[in-house]
Each structure stands twice: as structure tokens, then as C-alpha cells.
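Printed here is model-v4.txt (compact mmCIF, C-alpha atoms and all ligand atoms):
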```txt
# COMPACT_ATOMS: atom_id res chain seq x y z
CA GLY A 283 34.12 29.74 -139.29
CA GLN A 284 36.03 31.54 -142.00
CA CYS A 285 38.56 28.89 -142.77
CA THR A 286 38.96 26.78 -145.85
CA LEU A 287 41.28 24.22 -144.37
CA VAL A 288 40.78 20.55 -144.90
CA CYS A 289 42.86 17.53 -144.12
CA PRO A 290 42.76 15.71 -147.46
CA THR A 291 44.34 12.50 -146.32
CA GLY A 292 42.62 12.19 -142.99
CA ALA A 293 46.09 12.25 -141.50
CA ILE A 294 44.84 14.10 -138.44
CA VAL A 295 42.59 11.52 -136.92
CA GLU A 296 43.35 9.68 -133.64
CA ARG A 297 41.13 10.11 -130.65
CA ASP A 298 41.84 13.78 -130.66
CA ALA A 299 39.50 16.53 -131.71
CA THR A 300 41.64 18.29 -134.31
CA GLN A 301 39.69 16.91 -137.26
CA ARG A 302 36.35 17.91 -135.78
CA VAL A 303 37.66 21.38 -134.99
CA LEU A 304 38.93 21.75 -138.57
CA ARG A 305 35.47 20.76 -139.79
CA ALA A 306 33.79 23.32 -137.55
CA LEU A 307 36.19 25.99 -138.82
CA GLN A 308 35.09 25.26 -142.38
CA ASP A 309 31.40 25.41 -141.59
CA LYS A 310 30.30 28.87 -142.63
CA SER A 311 27.11 28.65 -140.57
CA LYS A 312 29.13 28.38 -137.34
CA HIS A 313 30.77 31.09 -135.27
CA VAL A 314 33.80 29.34 -133.83
CA ILE A 315 35.47 30.84 -130.79
CA VAL A 316 38.43 29.59 -128.81
CA GLN A 317 39.70 30.04 -125.27
CA VAL A 318 43.29 29.28 -124.31
CA ALA A 319 44.43 28.21 -120.84
CA PRO A 320 47.26 30.11 -119.12
CA ALA A 321 49.79 27.27 -119.25
CA VAL A 322 49.53 26.80 -123.03
CA ARG A 323 51.16 30.12 -123.98
CA VAL A 324 54.32 29.29 -122.04
CA ALA A 325 54.65 25.76 -123.44
CA LEU A 326 53.85 26.12 -127.12
CA GLY A 327 56.85 28.15 -128.25
CA ASP A 328 59.22 25.36 -127.30
CA ALA A 329 57.93 23.24 -130.19
CA PHE A 330 58.81 26.03 -132.62
CA GLY A 331 62.30 26.80 -131.43
CA LEU A 332 61.46 29.66 -129.09
CA GLY A 333 63.04 28.01 -126.06
CA ALA A 334 61.65 26.40 -122.90
CA GLY A 335 59.12 28.58 -121.10
CA ALA A 336 59.05 31.24 -123.83
CA ILE A 337 56.04 33.53 -123.54
CA ALA A 338 54.33 33.16 -126.91
CA THR A 339 50.93 34.73 -126.20
CA GLY A 340 50.84 37.16 -129.12
CA GLN A 341 52.05 34.67 -131.73
CA MET A 342 49.61 32.08 -130.38
CA VAL A 343 46.68 34.47 -130.85
CA THR A 344 47.83 35.21 -134.41
CA ALA A 345 48.18 31.49 -135.16
CA LEU A 346 44.63 30.85 -133.92
CA LYS A 347 43.30 33.69 -136.09
CA LEU A 348 45.11 32.27 -139.10
CA LEU A 349 43.63 28.87 -138.34
CA GLY A 350 40.24 30.52 -138.84
CA PHE A 351 38.83 31.08 -135.37
CA ASP A 352 36.34 33.93 -135.42
CA LYS A 353 37.31 35.14 -131.94
CA VAL A 354 40.28 34.29 -129.77
CA PHE A 355 39.55 34.65 -126.08
CA ASP A 356 41.43 33.97 -122.86
CA THR A 357 40.74 31.28 -120.28
CA ASN A 358 42.51 33.68 -117.90
CA PHE A 359 39.30 35.72 -118.05
CA GLY A 360 37.49 32.58 -116.88
CA ALA A 361 40.11 32.21 -114.16
CA ASP A 362 39.42 35.74 -112.91
CA LEU A 363 35.74 34.84 -112.83
CA THR A 364 36.48 31.62 -110.94
CA ILE A 365 38.38 33.63 -108.35
CA MET A 366 35.39 35.93 -107.86
CA GLU A 367 33.02 33.05 -107.23
CA GLU A 368 35.41 30.76 -105.38
CA GLY A 369 36.88 33.62 -103.35
CA TYR A 370 33.45 34.80 -102.22
CA GLU A 371 32.41 31.22 -101.57
CA PHE A 372 35.40 30.80 -99.28
CA LEU A 373 34.60 34.03 -97.43
CA ASP A 374 31.00 32.94 -97.08
CA ARG A 375 32.02 29.56 -95.65
CA LEU A 376 34.47 31.28 -93.31
CA GLN A 377 31.95 33.81 -92.04
CA HIS A 378 28.89 31.57 -91.84
CA GLY A 379 30.25 28.31 -90.49
CA GLY A 380 30.36 26.52 -93.84
CA VAL A 381 32.25 23.29 -94.50
CA LEU A 382 36.00 23.79 -94.17
CA PRO A 383 38.58 23.27 -95.43
CA MET A 384 37.26 24.27 -98.80
CA LEU A 385 39.00 22.45 -101.62
CA THR A 386 39.65 23.92 -105.07
CA SER A 387 37.65 22.43 -107.93
CA CYS A 388 39.34 23.63 -111.11
CA CYS A 389 41.41 20.49 -111.81
CA PRO A 390 39.20 17.76 -113.31
CA ALA A 391 41.63 14.94 -112.54
CA TRP A 392 41.44 15.99 -108.90
CA VAL A 393 37.64 16.36 -108.92
CA THR A 394 37.20 12.91 -110.46
CA TYR A 395 39.59 11.43 -107.92
CA MET A 396 37.55 13.06 -105.13
CA GLU A 397 34.34 11.63 -106.56
CA LYS A 398 35.88 8.17 -106.68
CA GLU A 399 37.89 8.08 -103.47
CA TYR A 400 36.34 10.63 -101.13
CA GLY A 401 32.65 10.51 -101.95
CA SER A 402 31.71 11.36 -98.38
CA SER A 403 33.85 14.52 -98.42
CA LEU A 404 32.42 16.15 -101.54
CA ALA A 405 30.92 19.02 -99.52
CA HIS A 406 34.49 20.28 -99.11
CA LEU A 407 34.87 20.89 -102.83
CA SER A 408 34.13 24.41 -103.97
CA SER A 409 31.01 24.42 -106.12
CA ALA A 410 32.67 26.89 -108.50
CA LYS A 411 33.13 25.60 -112.02
CA SER A 412 36.64 25.62 -113.45
CA PRO A 413 37.81 28.60 -115.52
CA MET A 414 37.17 26.55 -118.68
CA GLY A 415 33.66 25.70 -117.49
CA MET A 416 32.82 29.26 -116.50
CA PHE A 417 34.13 30.57 -119.78
CA GLY A 418 31.96 28.11 -121.72
CA ALA A 419 28.83 29.05 -119.75
CA VAL A 420 29.41 32.76 -120.29
CA ALA A 421 30.23 32.21 -123.99
CA LYS A 422 26.94 30.43 -124.71
CA THR A 423 24.81 32.94 -122.82
CA TYR A 424 26.22 36.43 -122.21
CA TYR A 425 28.51 36.44 -125.23
CA ALA A 426 25.85 34.94 -127.52
CA GLU A 427 23.54 37.76 -126.51
CA LYS A 428 26.17 40.49 -126.86
CA ALA A 429 27.29 39.21 -130.25
CA ASP A 430 23.69 38.61 -131.29
CA ILE A 431 24.44 35.06 -132.41
CA PRO A 432 22.19 32.15 -131.35
CA ALA A 433 24.04 29.84 -128.95
CA LYS A 434 23.32 26.89 -131.24
CA ASP A 435 25.47 28.53 -133.92
CA ILE A 436 28.41 29.12 -131.61
CA VAL A 437 31.08 26.44 -131.39
CA THR A 438 33.41 26.81 -128.42
CA VAL A 439 36.85 25.26 -128.48
CA ALA A 440 39.17 25.15 -125.48
CA ILE A 441 42.94 24.74 -125.77
CA MET A 442 44.11 23.10 -122.57
CA PRO A 443 47.38 21.75 -121.17
CA CYS A 444 45.31 18.82 -120.02
CA THR A 445 43.78 15.57 -121.24
CA ALA A 446 41.31 15.37 -118.31
CA LYS A 447 39.66 18.57 -119.57
CA LYS A 448 38.22 16.53 -122.47
CA ALA A 449 36.20 14.50 -120.00
CA GLU A 450 35.33 17.55 -117.90
CA ALA A 451 33.79 19.25 -120.95
CA GLN A 452 31.32 16.37 -121.17
CA ARG A 453 30.02 16.64 -117.62
CA THR A 454 26.30 17.29 -117.74
CA GLY A 455 26.72 20.18 -115.30
CA LEU A 456 28.75 21.97 -117.96
CA GLY A 457 26.03 22.56 -120.51
CA ARG A 458 22.52 23.80 -121.04
CA GLY A 459 19.52 22.35 -122.85
CA GLY A 460 21.40 19.16 -123.60
CA GLN A 461 24.16 21.06 -125.38
CA PRO A 462 27.69 21.30 -123.99
CA ASP A 463 29.11 24.71 -123.11
CA ILE A 464 32.50 23.54 -124.39
CA ASP A 465 32.20 21.74 -127.69
CA TYR A 466 35.79 20.64 -128.22
CA VAL A 467 38.93 20.49 -126.15
CA LEU A 468 42.33 20.42 -127.81
CA THR A 469 45.50 19.81 -125.86
CA THR A 470 48.62 21.93 -126.30
CA ARG A 471 50.01 18.98 -128.26
CA GLU A 472 47.04 19.01 -130.61
CA LEU A 473 47.37 22.75 -131.17
CA ILE A 474 51.04 22.30 -132.03
CA LYS A 475 50.02 19.59 -134.47
CA LEU A 476 47.43 21.86 -136.09
CA ILE A 477 49.89 24.73 -136.45
CA LYS A 478 52.45 22.39 -138.03
CA TYR A 479 49.81 20.83 -140.24
CA VAL A 480 48.85 24.13 -141.84
CA GLY A 481 52.52 25.04 -142.13
CA LEU A 482 52.60 28.29 -140.17
CA THR A 483 56.10 29.51 -139.34
CA PHE A 484 55.11 30.14 -135.77
CA ARG A 485 58.22 31.91 -134.59
CA ASP A 486 57.94 34.56 -137.30
CA LEU A 487 54.29 35.37 -136.65
CA PRO A 488 53.45 38.90 -135.52
CA GLU A 489 51.78 39.32 -132.14
CA SER A 490 48.04 39.93 -131.80
CA PRO A 491 45.94 40.80 -128.75
CA PHE A 492 43.02 38.73 -127.49
CA ASP A 493 39.52 39.73 -128.56
CA SER A 494 37.03 41.40 -126.26
CA PRO A 495 34.82 41.01 -124.16
CA LEU A 496 36.16 37.67 -122.85
CA GLY A 497 39.80 38.37 -123.50
CA GLU A 498 40.85 40.75 -120.73
CA ALA A 499 42.58 39.13 -117.77
CA THR A 500 44.62 40.09 -114.74
CA GLY A 501 47.87 38.66 -113.43
CA ALA A 502 45.81 36.60 -110.98
CA GLY A 503 44.26 34.78 -113.93
CA ALA A 504 47.67 34.11 -115.45
CA ILE A 505 49.15 32.35 -112.42
CA PHE A 506 46.35 29.75 -112.41
CA GLY A 507 48.66 27.72 -114.62
CA ALA A 508 51.16 27.17 -111.79
CA THR A 509 50.78 25.09 -108.65
CA GLY A 510 49.91 27.58 -105.90
CA GLY A 511 48.58 30.10 -108.38
CA VAL A 512 44.91 29.54 -107.67
CA MET A 513 45.49 30.00 -103.95
CA GLU A 514 47.54 33.16 -104.45
CA ALA A 515 44.99 34.59 -106.87
CA ALA A 516 42.19 33.80 -104.43
CA LEU A 517 44.00 35.37 -101.48
CA ARG A 518 44.54 38.62 -103.39
CA THR A 519 40.78 38.98 -103.70
CA VAL A 520 39.68 37.36 -100.43
CA VAL A 521 41.96 39.41 -98.18
CA GLU A 522 41.02 42.66 -99.87
CA LYS A 523 37.31 41.94 -99.77
CA ALA A 524 37.43 40.78 -96.14
CA THR A 525 39.40 43.74 -94.85
CA GLY A 526 38.00 46.36 -97.22
CA LYS A 527 41.53 47.70 -97.62
CA PRO A 528 43.86 47.57 -100.62
CA LEU A 529 46.51 44.92 -100.23
CA ASP A 530 50.10 46.22 -100.12
CA ALA A 531 51.96 42.97 -100.66
CA ILE A 532 50.12 40.95 -103.24
CA GLU A 533 52.73 38.26 -103.79
CA PHE A 534 52.04 35.34 -101.46
CA THR A 535 55.42 33.69 -101.93
CA ALA A 536 54.84 31.05 -99.23
CA VAL A 537 52.46 29.21 -101.55
CA ARG A 538 54.85 29.34 -104.52
CA GLY A 539 57.49 26.80 -105.45
CA LEU A 540 57.66 23.10 -106.18
CA GLU A 541 57.62 21.56 -102.70
CA GLY A 542 54.97 18.83 -102.70
CA ILE A 543 52.96 20.53 -99.97
CA ARG A 544 53.27 24.20 -98.96
CA GLU A 545 51.32 25.99 -96.31
CA ALA A 546 50.78 29.49 -95.02
CA SER A 547 48.76 31.17 -92.36
CA LEU A 548 47.52 34.70 -92.54
CA ASP A 549 45.34 37.07 -90.66
CA ILE A 550 42.10 37.85 -92.44
CA ALA A 551 40.02 40.45 -90.62
CA GLY A 552 41.11 39.31 -87.18
CA ARG A 553 40.97 35.61 -87.85
CA THR A 554 43.90 33.29 -88.52
CA VAL A 555 43.34 31.48 -91.77
CA ARG A 556 45.47 28.48 -92.68
CA VAL A 557 45.91 27.46 -96.26
CA ALA A 558 47.72 24.61 -97.99
CA VAL A 559 48.73 23.94 -101.56
CA CYS A 560 49.72 20.60 -103.03
CA HIS A 561 50.41 19.07 -106.39
CA THR A 562 50.07 15.43 -107.47
CA LEU A 563 47.33 13.20 -106.11
CA LYS A 564 49.82 11.42 -103.88
CA ASN A 565 50.33 14.62 -101.91
CA ALA A 566 46.60 15.32 -102.01
CA ALA A 567 45.96 11.94 -100.40
CA LYS A 568 48.23 12.96 -97.49
CA LEU A 569 46.13 16.07 -96.88
CA MET A 570 42.85 14.24 -97.45
CA ALA A 571 43.46 11.74 -94.66
CA ALA A 572 43.00 14.56 -92.15
CA VAL A 573 40.14 16.13 -94.08
CA ARG A 574 38.23 12.86 -94.07
CA SER A 575 38.74 12.35 -90.36
CA GLY A 576 37.79 15.94 -89.57
CA THR A 577 41.20 16.88 -88.17
CA SER A 578 42.59 19.00 -91.00
CA PRO A 579 44.07 22.23 -89.59
CA TYR A 580 43.45 24.04 -92.87
CA ASP A 581 40.68 26.33 -94.05
CA PHE A 582 41.44 26.28 -97.76
CA ILE A 583 43.40 23.75 -99.82
CA GLU A 584 44.47 23.94 -103.45
CA VAL A 585 45.08 20.68 -105.29
CA MET A 586 46.49 20.22 -108.78
CA ALA A 587 46.97 16.68 -110.08
CA CYS A 588 49.95 17.31 -112.32
CA PRO A 589 53.48 17.99 -111.08
CA GLY A 590 53.91 21.77 -111.08
CA GLY A 591 50.22 22.24 -111.83
CA CYS A 592 48.97 22.81 -115.37
CA ALA A 593 52.40 24.06 -116.45
CA GLY A 594 53.43 20.40 -116.23
CA GLY A 595 50.05 19.14 -117.42
CA GLY A 596 49.27 15.90 -119.21
CA GLY A 597 48.37 17.68 -122.46
CA GLN A 598 51.63 19.57 -122.71
CA PRO A 599 54.40 18.42 -125.08
CA ILE A 600 55.55 14.92 -124.17
CA GLY A 601 58.66 14.54 -122.06
CA THR A 602 58.38 17.75 -120.06
CA ARG A 603 61.20 17.77 -117.54
CA ARG A 604 60.88 19.40 -114.15
CA VAL A 605 63.28 22.16 -115.14
CA VAL A 606 61.09 23.00 -118.12
CA THR A 607 57.97 23.08 -115.94
CA ALA A 608 59.84 25.45 -113.63
CA GLN A 609 60.70 27.72 -116.57
CA ARG A 610 57.06 27.81 -117.63
CA ILE A 611 56.04 28.65 -114.08
CA ALA A 612 58.60 31.46 -113.91
CA SER A 613 57.12 32.84 -117.14
CA LEU A 614 53.59 32.76 -115.69
CA TYR A 615 54.76 34.86 -112.75
CA GLU A 616 56.51 37.16 -115.21
CA ILE A 617 53.23 37.62 -117.11
CA ASP A 618 51.58 38.42 -113.77
CA ARG A 619 54.20 41.06 -112.93
CA SER A 620 53.93 42.61 -116.39
CA LEU A 621 50.20 43.29 -116.20
CA PRO A 622 48.68 46.55 -114.99
CA ARG A 623 46.02 44.72 -112.99
CA ARG A 624 46.88 41.75 -110.82
CA LYS A 625 43.71 41.12 -108.83
CA SER A 626 40.69 39.40 -110.38
CA HIS A 627 38.16 41.82 -108.92
CA GLU A 628 39.90 44.67 -110.75
CA ASN A 629 39.28 43.14 -114.17
CA PRO A 630 37.01 45.68 -115.93
CA GLU A 631 35.44 43.05 -118.19
CA ILE A 632 34.59 40.94 -115.14
CA GLN A 633 33.10 43.98 -113.42
CA LYS A 634 31.03 44.66 -116.52
CA LEU A 635 29.85 41.04 -116.71
CA TYR A 636 28.55 41.26 -113.13
CA ALA A 637 26.95 44.65 -113.74
CA ASP A 638 25.27 43.56 -116.98
CA ALA A 639 24.27 40.01 -116.26
CA LEU A 640 25.17 38.50 -112.91
CA ASP A 641 24.45 41.09 -110.21
CA ALA A 642 27.15 39.99 -107.76
CA PRO A 643 29.32 37.01 -106.87
CA LEU A 644 27.21 34.14 -105.46
CA SER A 645 23.96 35.75 -106.63
CA SER A 646 21.33 33.32 -107.86
CA LYS A 647 22.20 34.21 -111.45
CA ALA A 648 25.87 33.58 -110.78
CA HIS A 649 25.04 30.33 -109.06
CA ASN A 650 22.97 29.16 -111.95
CA LEU A 651 25.62 29.84 -114.51
CA LEU A 652 28.92 29.40 -112.73
CA HIS A 653 28.51 26.68 -110.10
CA THR A 654 28.11 22.95 -110.36
CA THR A 655 27.57 19.78 -108.35
CA TYR A 656 29.52 16.58 -107.80
CA GLN A 657 28.46 13.00 -107.37
CA ALA A 658 30.11 10.18 -105.49
CA VAL A 659 29.74 7.83 -108.45
CA PRO A 660 31.42 9.44 -111.43
CA PRO A 661 29.40 9.78 -114.62
CA ALA A 662 30.38 7.51 -117.49
CA TYR A 663 32.48 9.62 -119.78
CA THR A 664 32.67 9.10 -123.49
CA PHE A 665 35.68 10.36 -125.34
FE1 LIG B 701 44.63 19.20 -116.04
FE2 LIG B 701 46.86 18.57 -114.74
FE3 LIG B 701 45.99 21.11 -114.80
FE4 LIG B 701 44.70 19.25 -113.39
S1 LIG B 701 46.79 19.99 -113.01
S2 LIG B 701 43.78 20.80 -114.73
S3 LIG B 701 44.92 17.43 -114.68
S4 LIG B 701 46.71 19.91 -116.53
```
Would it be possible to restate this file's structure as C-alpha cells?
Amino acid sequence: GQCTLVCPTGAIVERDATQRVLRALQDKSKHVIVQVAPAVRVALGDAFGLGAGAIATGQMVTALKLLGFDKVFDTNFGADLTIMEEGYEFLDRLQHGGVLPMLTSCCPAWVTYMEKEYGSSLAHLSSAKSPMGMFGAVAKTYYAEKADIPAKDIVTVAIMPCTAKKAEAQRTGLGRGGQPDIDYVLTTRELIKLIKYVGLTFRDLPESPFDSPLGEATGAGAIFGATGGVMEAALRTVVEKATGKPLDAIEFTAVRGLEGIREASLDIAGRTVRVAVCHTLKNAAKLMAAVRSGTSPYDFIEVMACPGGCAGGGGQPIGTRRVVTAQRIASLYEIDRSLPRRKSHENPEIQKLYADALDAPLSSKAHNLLHTTYQAVPPAYTF
């Protein structure tokens, strides 16, 4: 870290990780990098007078640089990578009689709920790690090598709209050699606190771009922060890969919105594929009744535990109203529309990662690094 910040009074304590992150930032022997989830950039500005749903990506990157992070990267890159692995996993299950419906696995509150309540249905969960988990694995291997810094000297911090991500980071599947891939998780709230603590006038900050090579992302990565976004991002890649033809209409509007459960059916290379999207565990339970009894009509289901998905996540500023969540979601789709590339497989940094280090989606190298396992009895988390 390059930073000389210290909290002299110990005012930033609590159960949160801000103090430990500040300490890592002061440790000159550590290279401290940060990844930021899609939903954070559309929630943060509100706390600094920018208005609900304001897109504050550039100021956020500047703030993180001023806080002393050596590199500021994008969880959206991890989301593009998740789509590659999860999308190909879905195609593989579809084409080779795998367990269907496949369930998304990027929301830790949902995964933990599955492990507790539906232990006999765990084969339905995609084995793909979450974007945060994939990012951490790539950071401590590929990035360490590229940057020529030993993994033990790299500290990875994740800024998440989510409190459950703190527990996810401690899953043994998300680490190597006894060391976690994600060292610290800060919520959006904690980041706001840090920015206020060092006294940055956030709204006046200039905009900065993310660093490379884990900072490039497509619009598909951006919409992960909204309920329905993972499904839409996956379909953009799955349909194109299955048909071998470029997709004309890439906006799958049937899976958008705030209805508790949405569904769509589409033709993928001559086969009708039925997908469903839900948010909140109450709605998930409705879909899971049929999954458990083997009567679910769906092939692929996305579940997010929080209302609206991560845009309305448990680590976002307290008191988020539905209308604010909707504004954040609208901003995520705006980010998607504004980007030159909107399909994960078109991300040049992702293509380079596969070419340099992973061969192809679902290869044994990719499996090793980017997939995980679940257990019916949840591990004992420590916070
Ligand atoms: Fe976390 Fe909620 Fe997003 Fe799930 S939906 S990953 S619990 S913020």
C-alpha cells in the first residue's frame, strides 16, 4: 500500500473490516488491490448528494486511488468471467443430459440457504464461483504472475453491496494453500464511511478509469447488479455460442423488472429453453418446491436473495426504498447500453485470460480455478 492513513482514535472499529483495510493500506510490504461490484457504483453517490441511482463509477475509482489502493479493478470483469463458465456449464448440461434446471450460484445468501434447506438438490447449483470469487482466484494467480508480485504480498479487498459476501470470502473453496483469495470485504456502507472518514469531497472528484488487466468489462457484467441481469448476461453468450450466429436482439426484456418471478422461453438451436428469474428467498422457495420434486418446467433459474438483486443489497445504504433500487437498476442498464461491448465473450481481457492461462471455458485449468463445491451442512463461518 502507498497510504499513510491511520485512524488515531480507533473510531472505525465495529465488526466491519475498515480498520483492517486501513492497516493493509499502510503496510508498505503489501500490494493492495480492490475490486468493486456493479451495484456499488450506482448506490454510493447518493450518500454524497449526487442523487438516487447516480452513476459514480469514475469518482469512485478516484476515491479508491486516493485511499491508497495500488490498483482499482472491476468485479464486472469477474462477472464476465462467471458468464463464460456458467454459460458454458449450462450449455454442457443442456447438450449432455446434465442436471436441470441449473441454478445460479453467485448470491451467497442464496447458496447458503440452498445448503441449509435443499441439501439434496445441490447438484442443481452451478459450480461456477461468484464474480467476486473468480476475481479473487485470478488476482492471486494470473495477476500475481503478470505483475510479478508473490501472491502472499497481495491483499485483495472487495467492495460489495452485500453483507453475506463477508462470509462467502471465508469459504474454504475460495482460497489456495490455506490463504483466502479475498482478504477483506467492505460493504458499500463501509466504503462510504471510509470516504467520509478521510474527508474526500466525493462529488467534486475527477473521474478515473479502472486499471488493467482486470478492469475491462462489458455491459453484461454491469447488469449482474440487477435481478434478472445474470440471466440476461448468460443468454447473450449462451444463445450466440449455441447457434454460432451473432445475436440481433440482445436485450432480453422478459427477464427484467421487479415482478417477484419472471419467466421466458426461447429457442436455442432448435430446442425450447425455459428460464425463470426470482428475487427474495420467499420467491425462490416457490420455485424450489417443483425443483425438489422433479417437476420444475425450467432449464435455468436465477435467484437473488435481496429485493431487486444486489442493487437493493443488504450492504447498501440503510433504508433503501424500492423506488431507489429501481433507479439504481435503471442506471445499471444505462451503463450496459453505454458500453461498446455488451456480451461477456467479447471482453478482450477475458479472451486474453483464456488464451494466456485457462485454455477454454470448462477446461481443467478453468475448473480448478473458477469452480467450487457445496455441502449440505454449511461450514461454520467466522466473521
Ligand atoms: Fe448479496 Fe443480496 Fe446480492 Fe445476494 S442479492 S449477492 S445477498 S447483495
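Taking CA of Phe372 (chain A) and CA of Glu541 (chain A) as the two end points, the separation is 24.3 Å.
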### Surroundings of ligand LIG 701 (chain B) up to 6 Å, based on only C-alpha atoms and all ligand atoms, as number ranges by chain
A: 389-391, 443-444, 446, 586-588, 591-592, 595-596
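Distance check against Ala321 (chain A) using all atoms listed in the file: of A:Cys388, A:Ala299, A:Ile505, A:Ala499, the minimum falls on A:Ile505.
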### Message
Applying 12 Å and only C-alpha atoms, which residues near Gly481 (chain A) remain after dropping the ones on its own chain fewer than 5 positions away? List them as a VMD selection string.
### Response
chain A and resid 287 330 345 348 to 349 474 to 476 486 to 487
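Closest to Tyr580 (chain A) among A:Val537, A:Glu545, A:Glu367, A:Glu489 is A:Glu545, based on all atoms listed in the file.
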### Query
Of the candidates A:Thr469, A:Gln452, A:Gln609, A:Ser626, which shows the shortest atom-to-atom distance to Gly360 (chain A), using only C-alpha atoms?
A:Ser626
### Task
Do a neighbour search on Val437 (chain A) at 8 Å with all atoms listed in the file, toss out local chain neighbours closer than 3 positions, and write the hits as a list in words.
Ala306, Lys312, His313, Val314, Ile315, Lys434, Ile464 and Asp465 of chain A
### Query
From the set A:Lys310, A:Lys647, A:Arg574, A:Arg302, which residue has the shortest atom-to-atom contact distance to Ser403 (chain A), counting all atoms listed in the file?
A:Arg574
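All protein and nucleic acid residues in the vicinity of (45.6, 27.6, -97.1), that is within 10 Å when counting only C-alpha atoms, are Pro383, Met384, Leu385, Gly510, Met513, Glu514, Leu517, Val537, Arg544, Glu545, Ala546, Ser547, Leu548, Val555, Arg556, Val557, Ala558, Val559, Pro579, Tyr580, Asp581, Phe582, Ile583 and Glu584 of chain A.
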